[in-house]
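In what follows, a structure is listed as structure tokens, so that the remarks can point back to it.
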Amino acid sequence: MTDTQATPGRIDPQQTIRDLEAQLRRTPRALRPHEHAVLAYRLGLAHAEAPAANPEAGLRKALSYFDVAAAIFDPRYDPVEHARVLNGAGAVRRTLGERGKAAELFQTAADLLEGHDRDVERAGVFNNLGLVRAELGQLDQAVEACDEALELFETDTPEGRRGVVAALHTRGMAHAAAGTDEGLEAALADYRWAASELDVEEAPYHYGLVHHSIGITFTTLAGGRPDDRNRFLREAVSAFKESLTVFTRGSFPFQYALVKYNLGLAWAGLGGVVNLRRALVAFEDAVGVFDPRLHGDAWRQAYASLERTEKDLAARGEASSRVVHFVNLLAAVDPRERRALVNERLFAVMAQPGEQRRRSLLDLALAGAQLEPEAARAVMETELSVLIELPTDQLERGLRARLEAHQQLDDEERRTAADRAFDQAIGDALQGPQRVSVRDFLYSVGWERP
């Protein structure tokens, strides 16, 4: 497939733009002005939403089409259509950083929609207005705009429920931006209300976003209330973990990395060696996903936090490599958390290119093999329970890495102990047919049971 070919079943944004441009050329403005304006509006939306090598150029192109549509749709005779164009243009202006102009456009659009039986659309415009007012620091006006939106949204449809959640989230951010205890408590109330309206299947992105904001609010509250610090940080950890049930590495990589970074801060704030290792893992996950070319500031902050956490661990007499910290964490947590950590780490490692993947699997297995026998067995058992659910080629890579790691152990007694722990883990982690299949593969590559 070439770069110009679309994936079957998916919409090609550039092809959509080309088709709309062709229709626009066939629709003379002088003879069919209304149709011409509709096509220009749709082209504005298409350019605003299409990925582009030069995003600003695409957004400016969108504005030029919105200008064409706005000039044709007369607000006296086509108030709804004119308002839609202004709302689209306002969203583009906001993205371009022209927030003052965006606020003007949203306000005018909301005014035009009043009295035209377009409550849901008007509510969406008010939500946009609340967002940009909050970004301008006009917090009271932002709250007022969100109040208007909440009055207009209805909750008997998925679209309406998503609108309510969006407005509550926007209002919560405006409350939180005040930086006062009262503002943070009001934000928390809005976020919790939003969470109560959410169905994760119906609105997964909003679900992840709201729980992330709950975590941020609890983290901020912890900073200002020393007596409740640990309780608030534990609440933050729970909220971030809930957010990560939606914001996964594969589905929402940027949001995943952002939540991981904030989760790391919460773990670090709780203190203690185990929590610092949890923080280290979270920061490492964030650094591995943030693209330093696209998310330079976020990547640098996450990397600085990673290094700072390593230094904190070293100051407590726990100077080790990151992979050793990771397996020591595995040995210290309960089976459920251990499995989640192993599953996430193996997912990331298996996505690496050939030699890097082999080296990462080997380092992980070698670090685990050097734990005390009981801890090593528990880690190997969890590793096997995850590997057995992966495709066969990935399972075999993991098993080969385990054997190679044991062969690299210099001490014969430790090597024998590691082999015994591995053999016991195979028996404990796997069912009959799985156990036979794994042992047959191991025998075929030269393994001998201890």
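Convention: chains lettered A, B, ... in structure tokens order; per-chain residue numbering from 1; ligands numbered from 1 as shown.
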
Subject >> range 379-384 of chain A environment, 9 Å, only C-alpha atoms, sequence neighbours closer than 3 positions dropped, as a PyMOL selection string >> reply: chain A and resi 327+330-331+335+338-339+342-343+346+365+368-369+374-376+387-389+395+398-399+402+421-422+424-430

Subject >> Close residues, Thr309 in chain A itself excluded, 12 Å, only C-alpha atoms, min 5 positions apart in chain, as a PyMOL selection string >> reply: chain A and resi 264-265+267-269+271-284+302-304+314-316+318-320+322+325

Subject >> Residue list (alpha helix (DSSP H), DSSP) for range 249-429 of chain A, as number ranges by chain >> reply: A: 253-270, 273-289, 296-315, 322-332, 335-350, 354-369, 373-387, 392-407, 412-429

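Shell of range 348-357 of chain A at 9 Å, with only C-alpha atoms counted and residues fewer than 3 places along the chain excluded, is A:Arg249, A:Asp285, A:Gly288, A:Asn343, A:Glu344, A:Arg345, A:Ser360, A:Leu361, A:Leu362, A:Gln394, A:Arg397.
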
Give me a file of those residues, with N, CA and C atoms, as a compact mmCIF listing (two decimals), in the first residue's frame.
```txt
# COMPACT_ATOMS: atom_id res chain seq x y z
N ARG A 249 -1.76 2.66 26.54
CA ARG A 249 -0.62 2.98 25.68
C ARG A 249 -0.98 2.86 24.20
N ASP A 285 7.48 4.82 32.04
CA ASP A 285 6.43 4.61 31.03
C ASP A 285 6.12 5.90 30.29
N GLY A 288 8.89 6.83 27.90
CA GLY A 288 8.92 5.94 26.75
C GLY A 288 7.86 6.24 25.71
N ASN A 343 2.32 -7.32 32.73
CA ASN A 343 1.57 -7.26 31.48
C ASN A 343 1.91 -5.98 30.70
N GLU A 344 1.95 -4.86 31.42
CA GLU A 344 2.24 -3.59 30.76
C GLU A 344 3.68 -3.53 30.27
N ARG A 345 4.60 -4.04 31.07
CA ARG A 345 6.01 -4.01 30.66
C ARG A 345 6.25 -4.90 29.46
N SER A 360 16.08 -6.24 26.05
CA SER A 360 15.17 -5.86 27.13
C SER A 360 14.60 -7.09 27.83
N LEU A 361 14.21 -8.11 27.06
CA LEU A 361 13.69 -9.34 27.66
C LEU A 361 14.77 -10.03 28.49
N LEU A 362 15.99 -10.03 27.97
CA LEU A 362 17.09 -10.67 28.69
C LEU A 362 17.39 -9.93 29.99
N GLN A 394 5.90 -14.44 20.46
CA GLN A 394 6.27 -13.63 21.62
C GLN A 394 6.51 -14.51 22.85
N ARG A 397 9.93 -15.99 22.45
CA ARG A 397 10.99 -15.00 22.73
C ARG A 397 11.19 -14.85 24.24
```

Using only C-alpha atoms, which protein or nucleic acid residues come within 12 Å of Asp19 in chain A? Drop anything in the same chain fewer than 4 positions from it, and give the result as a compact mmCIF listing (two decimals) with N, CA, C and O atoms, in the first residue's frame.
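Once everything was written out, this is out14.txt:
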```
# COMPACT_ATOMS: atom_id res chain seq x y z
N ASP A 12 -10.51 8.70 4.31
CA ASP A 12 -9.28 9.42 3.99
C ASP A 12 -9.61 10.92 4.03
O ASP A 12 -10.33 11.42 3.15
N PRO A 13 -9.11 11.67 5.02
CA PRO A 13 -9.46 13.09 5.14
C PRO A 13 -9.08 13.89 3.90
O PRO A 13 -9.84 14.79 3.48
N GLN A 14 -7.94 13.59 3.31
CA GLN A 14 -7.53 14.36 2.13
C GLN A 14 -8.42 14.08 0.93
O GLN A 14 -8.70 14.98 0.14
N GLN A 15 -8.87 12.84 0.80
CA GLN A 15 -9.79 12.51 -0.28
C GLN A 15 -11.13 13.21 -0.07
O GLN A 15 -11.75 13.71 -1.02
N GLN A 23 -16.89 19.40 -5.63
CA GLN A 23 -18.30 19.78 -5.57
C GLN A 23 -18.46 21.30 -5.52
O GLN A 23 -19.37 21.86 -6.13
N LEU A 24 -17.58 21.96 -4.78
CA LEU A 24 -17.66 23.42 -4.66
C LEU A 24 -17.45 24.08 -6.03
O LEU A 24 -18.16 25.05 -6.37
N ARG A 25 -16.50 23.55 -6.79
CA ARG A 25 -16.25 24.11 -8.12
C ARG A 25 -17.45 23.94 -9.04
O ARG A 25 -17.69 24.76 -9.93
N ARG A 26 -18.20 22.88 -8.82
CA ARG A 26 -19.38 22.62 -9.67
C ARG A 26 -20.63 23.34 -9.16
O ARG A 26 -21.71 23.18 -9.75
N LEU A 39 -21.20 23.84 1.31
CA LEU A 39 -19.97 23.14 0.94
C LEU A 39 -18.73 23.84 1.52
O LEU A 39 -17.79 23.18 1.97
N ARG A 42 -18.54 22.89 5.15
CA ARG A 42 -18.05 21.51 5.31
C ARG A 42 -16.55 21.43 5.01
O ARG A 42 -15.82 20.67 5.66
N LEU A 43 -16.09 22.21 4.05
CA LEU A 43 -14.65 22.24 3.76
C LEU A 43 -13.87 22.85 4.92
O LEU A 43 -12.76 22.41 5.24
N ALA A 46 -13.59 20.14 7.43
CA ALA A 46 -12.68 19.09 6.97
C ALA A 46 -11.22 19.52 7.13
O ALA A 46 -10.37 18.74 7.59
```

**OP:** Calculate how many Å separate CA of Ala142 in chain A from CA of Ala178 in chain A, rounding to one decimal.
**Re:**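 Spanning CA of Ala142 in chain A to CA of Ala178 in chain A is a straight-line distance of 11.5 Å.
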